[in-house]
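Here's the structure we're looking at; comments come further down.
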Amino acid sequence: MQKHTLAERVAQIAPFQVMAVLARAKYLASLGEDVIHLEVGEPDFTAVEAVAKAGVAAIQSGNTGYTAATGLPELKQAISDDYLARYDVAVSPERIIVTPGASGALLLMASLMANPGEEVLMPDPCYPCNRHFLIQTGANARLIETRPDDGFEMELSALAGHWNENTSGLWLASPSNPTGAVLSKAYLTEAWEKVQALGGHLLVDEIYQGLVYDGEDFSALSIAEDIFVINSFSKYFAMTGWRLGWIVVPEWAIEGATKLAQNLFISAPTVSQYAAVRAFQPDVLAECESRRQILNGRRLILLKGLKDIGLPVVAPAQGAFYVYVDVSSVTQDAMSWCLALLETEKVALTPGADFGIKDAHKYVRFAYTCDEGKLKQALVRIARFIAS
Ligand SMILES: Cc1ncc(COP(=O)(O)O)c(C=O)c1O
């Protein structure tokens with residue numbers, strides 16, 4: 001008889017704690033409760049209509065077979081043109097590998113650059129799936145302690161001290177999930193110089209590119225061609241379910257990345273690729289820009305509102321659609337606090353433990369992915385919960 005034994009790596013992969021919050025929130029909503037969702041990491045917008053229509057047209061005209069493994073040539077060209085137009089950086093289409101979401105790009109990156117037994121450094125807190133993608137390939141993530149008063153940025157002067165013969169590289173994200181912090185060009189340039197001197201690779205996850213409200217919106221590709229960069233249509237273009245992203249690799253990695261793309265995915269979703277070609281046209285970009293301004297309005301409401309109710313935002317929330325908040329003045333355990341807040345006041349948040357290890361029990365992440373009215377109502381409810 002078959003043994004019901006899973007591969008050992010499965011035990012190393014942590015489930016999202018927010019799932020418990022989400023499941024309870026859904027249950028409460030099914031009972032007719034008015035739950036305010038600030039836990040979900042996806043925009044409350046959908047794909048811009050012209051983009052969705054381009055997807056429909058692809059289906060109707062039968063453009064639904066596999067594409068080239070690294071992506072539709074016209075999409076790669078459109079991404080390349082957009083890098084030049086909006087970020088003033090020349091990226092040849094050959095260096096762009098289109099993937100099923102940034103998730104596909106991260107999996108490809110882990111397979112491409114980390115040997116079994118090697119380690120990749122990343123800041124604590126960071127996007128939780130990063131470490132799981134590495135485990136998947138037999139490598140490991142090492143989370144490096146950061147400090148709230150440094151905006152949770154990894155201290156670069158300490159980088160060499162964390163590096164050893166098993167270290168493969170450094171993975172950063174800007175803007176960051178969960179903090180919304182944006183890394184400066186000076187910081188990323190220094191990170192690149194240090195990583196290069198140590199003989200490793202640098203990956204910058206730019207999935208929230210374009211969603212910057214304060215600070216410089218640039219691409220790490222403008223610093224060096226040898227930096228790996230990941231992006232996606234999920235956030236700025238509000239296309240989470242279309243499952244489309246990309247990775248930009250240096251010239252010397254194109255062949256290896258292509259082999260992996262062929263084998264891991266055959267191709268990224270075809271309909272989504274045809275739709276995404278439309279995404280870089282001026283009318284769509286203008287709509288995305290007006291959404292960015294809406295998000296900024298919400299961000300300012302949240303920052304002020306949280307300050308007023310005595311919950312400090314610990315990192316400069318300059319981008320993405322998150323703020324990371326220290327709740328240690330009101331609880332010793334952010335996870336139970338989130339569950340109690342949901343139960344009592346029907347506001348759903350994500351506990352910090354999903355993103356990090358050190359002091360994660362002190363933090364919660366707010367996603368400002370609901371309208372201003374709901375956001376203000378959530379602040380009133382949280383204030384009442386704290387006062388009770
Ligand atoms: C930092 C970061 N990277 C990657 C992803 C994966 O995004 P997707 O696969 O939808 O493109 C997410 C999703 O929330 C994220 O926050």
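Ligands are numbered from 1 in the order shown, residues from 1 within each chain, and chains are lettered A, B, ... in the order they appear in the structure tokens.
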Each residue of chain A lying at most 10 Å from ligand 1 should get a row with its shortest atom-to-atom pair and the distance in Å to one decimal, counting only C-alpha atoms and all ligand atoms; could you produce that, ordered by chain and increasing number, as a Markdown table?
```
| residue | atom | partner | partner_atom_place_in_ligand_line | distance |
| --- | --- | --- | --- | --- |
| A:Val40 | CA | ligand 1 | 14 (O) | 8.8 |
| A:Gly41 | CA | ligand 1 | 14 (O) | 5.5 |
| A:Glu42 | CA | ligand 1 | 14 (O) | 6.9 |
| A:Thr99 | CA | ligand 1 | 11 (O) | 8.8 |
| A:Pro100 | CA | ligand 1 | 9 (O) | 6.9 |
| A:Gly101 | CA | ligand 1 | 11 (O) | 3.6 |
| A:Ala102 | CA | ligand 1 | 11 (O) | 3.5 |
| A:Ser103 | CA | ligand 1 | 9 (O) | 3.7 |
| A:Gly104 | CA | ligand 1 | 9 (O) | 6.5 |
| A:Ala105 | CA | ligand 1 | 9 (O) | 7.9 |
| A:Leu106 | CA | ligand 1 | 4 (C) | 7.3 |
| A:Leu107 | CA | ligand 1 | 9 (O) | 9.9 |
| A:Cys126 | CA | ligand 1 | 1 (C) | 7.4 |
| A:Tyr127 | CA | ligand 1 | 1 (C) | 5.1 |
| A:Pro128 | CA | ligand 1 | 1 (C) | 8.4 |
| A:Cys129 | CA | ligand 1 | 4 (C) | 7.7 |
| A:Asn130 | CA | ligand 1 | 3 (N) | 7.8 |
| A:Leu172 | CA | ligand 1 | 1 (C) | 9.0 |
| A:Ala173 | CA | ligand 1 | 1 (C) | 6.2 |
| A:Ser174 | CA | ligand 1 | 1 (C) | 8.0 |
| A:Pro175 | CA | ligand 1 | 1 (C) | 8.0 |
| A:Ser176 | CA | ligand 1 | 1 (C) | 6.3 |
| A:Asn177 | CA | ligand 1 | 1 (C) | 5.1 |
| A:Pro178 | CA | ligand 1 | 16 (O) | 7.6 |
| A:Gly180 | CA | ligand 1 | 1 (C) | 9.9 |
| A:Val204 | CA | ligand 1 | 1 (C) | 9.6 |
| A:Asp205 | CA | ligand 1 | 3 (N) | 6.2 |
| A:Glu206 | CA | ligand 1 | 1 (C) | 7.5 |
| A:Ile207 | CA | ligand 1 | 3 (N) | 5.8 |
| A:Tyr208 | CA | ligand 1 | 1 (C) | 7.4 |
| A:Ile230 | CA | ligand 1 | 3 (N) | 8.1 |
| A:Asn231 | CA | ligand 1 | 11 (O) | 7.1 |
| A:Ser232 | CA | ligand 1 | 11 (O) | 4.7 |
| A:Phe233 | CA | ligand 1 | 11 (O) | 6.5 |
| A:Ser234 | CA | ligand 1 | 10 (O) | 4.9 |
| A:Lys235 | CA | ligand 1 | 10 (O) | 7.5 |
| A:Ala238 | CA | ligand 1 | 10 (O) | 9.5 |
| A:Met239 | CA | ligand 1 | 10 (O) | 8.0 |
| A:Thr240 | CA | ligand 1 | 10 (O) | 5.0 |
| A:Gly241 | CA | ligand 1 | 10 (O) | 7.3 |
| A:Trp242 | CA | ligand 1 | 10 (O) | 8.4 |
| A:Arg243 | CA | ligand 1 | 10 (O) | 6.1 |
| A:Leu244 | CA | ligand 1 | 11 (O) | 6.3 |
| A:Gly245 | CA | ligand 1 | 11 (O) | 5.5 |
| A:Trp246 | CA | ligand 1 | 11 (O) | 8.4 |
| A:Ala320 | CA | ligand 1 | 16 (O) | 8.7 |
| A:Phe321 | CA | ligand 1 | 16 (O) | 10.0 |
| A:Tyr322 | CA | ligand 1 | 16 (O) | 9.9 |
```
### Query
Can you tell me, as a PyMOL selection string, what residues are no more than 12 Å from stretch 297-305 of chain A when counting only C-alpha atoms, ignoring any on the same chain fewer than 2 positions away?
chain A and resi 38+180+211-214+290-295+307-325+365-383
### Message
Using DSSP secondary structure from the backbone, list all alpha helix (DSSP H) positions within stretch 43-250 of chain A, as a count of residues only.
### Response
66
When you look at A:Ala50 with a cut-off of 10 Å (counting only C-alpha atoms), what residues show up, excluding the ones that are within fewer than 5 positions of it in the same chain? I need them as an mmCIF file with N, CA, C and O atoms, in the first residue's frame.
```cif
data_model
loop_
_atom_site.group_PDB
_atom_site.id
_atom_site.type_symbol
_atom_site.label_atom_id
_atom_site.label_comp_id
_atom_site.auth_asym_id
_atom_site.auth_seq_id
_atom_site.Cartn_x
_atom_site.Cartn_y
_atom_site.Cartn_z
ATOM 1 N N GLY A 55 -7.884 40.862 -23.858
ATOM 2 C CA GLY A 55 -7.880 39.445 -23.467
ATOM 3 C C GLY A 55 -9.048 38.709 -24.103
ATOM 4 O O GLY A 55 -8.894 37.607 -24.647
ATOM 5 N N VAL A 56 -10.222 39.338 -24.062
ATOM 6 C CA VAL A 56 -11.421 38.732 -24.669
ATOM 7 C C VAL A 56 -11.190 38.535 -26.168
ATOM 8 O O VAL A 56 -11.491 37.466 -26.735
ATOM 9 N N ALA A 275 -3.488 40.307 -23.586
ATOM 10 C CA ALA A 275 -4.119 41.433 -22.892
ATOM 11 C C ALA A 275 -3.048 42.427 -22.432
ATOM 12 O O ALA A 275 -3.200 43.648 -22.583
ATOM 13 N N ALA A 276 -1.959 41.903 -21.896
ATOM 14 C CA ALA A 276 -0.933 42.764 -21.291
ATOM 15 C C ALA A 276 -0.213 43.636 -22.314
ATOM 16 O O ALA A 276 0.295 44.702 -21.968
ATOM 17 N N ARG A 278 -1.546 45.401 -24.340
ATOM 18 C CA ARG A 278 -2.364 46.630 -24.368
ATOM 19 C C ARG A 278 -2.088 47.522 -23.144
ATOM 20 O O ARG A 278 -2.407 48.716 -23.136
ATOM 21 N N ALA A 279 -1.491 46.918 -22.102
ATOM 22 C CA ALA A 279 -1.367 47.630 -20.826
ATOM 23 C C ALA A 279 -0.450 48.850 -20.877
ATOM 24 O O ALA A 279 -0.592 49.757 -20.054
ATOM 25 N N GLN A 281 -0.182 51.147 -23.187
ATOM 26 C CA GLN A 281 -0.652 52.286 -23.991
ATOM 27 C C GLN A 281 -0.994 53.461 -23.063
ATOM 28 O O GLN A 281 -1.383 53.251 -21.908
ATOM 29 N N ASP A 283 -3.502 55.468 -22.624
ATOM 30 C CA ASP A 283 -4.793 55.560 -21.929
ATOM 31 C C ASP A 283 -4.820 54.650 -20.695
ATOM 32 O O ASP A 283 -5.347 55.017 -19.645
ATOM 33 N N VAL A 284 -4.216 53.465 -20.816
ATOM 34 C CA VAL A 284 -4.204 52.529 -19.681
ATOM 35 C C VAL A 284 -3.282 53.066 -18.582
ATOM 36 O O VAL A 284 -3.624 53.063 -17.390
#
```
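With distances restricted to only C-alpha atoms, A:Gly210 is the closest residue to A:Arg86 from A:Gly169, A:Pro269, A:Gly210, A:Gly256.
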### Task
Measuring atom to atom with only C-alpha atoms, identify which of A:Ile59, A:Leu198, A:Leu339, A:Ala69 is nearest to A:Ala23.
A:Leu339
### Message
At a cut-off of 12 Å, using only C-alpha atoms, what residues contact A:Leu72? Leave out same-chain residues fewer than 6 positions from it and give the result as a ChimeraX atom specification.
### Response
/A:63-66,78-79,93-94,96-99,244,246,267-277
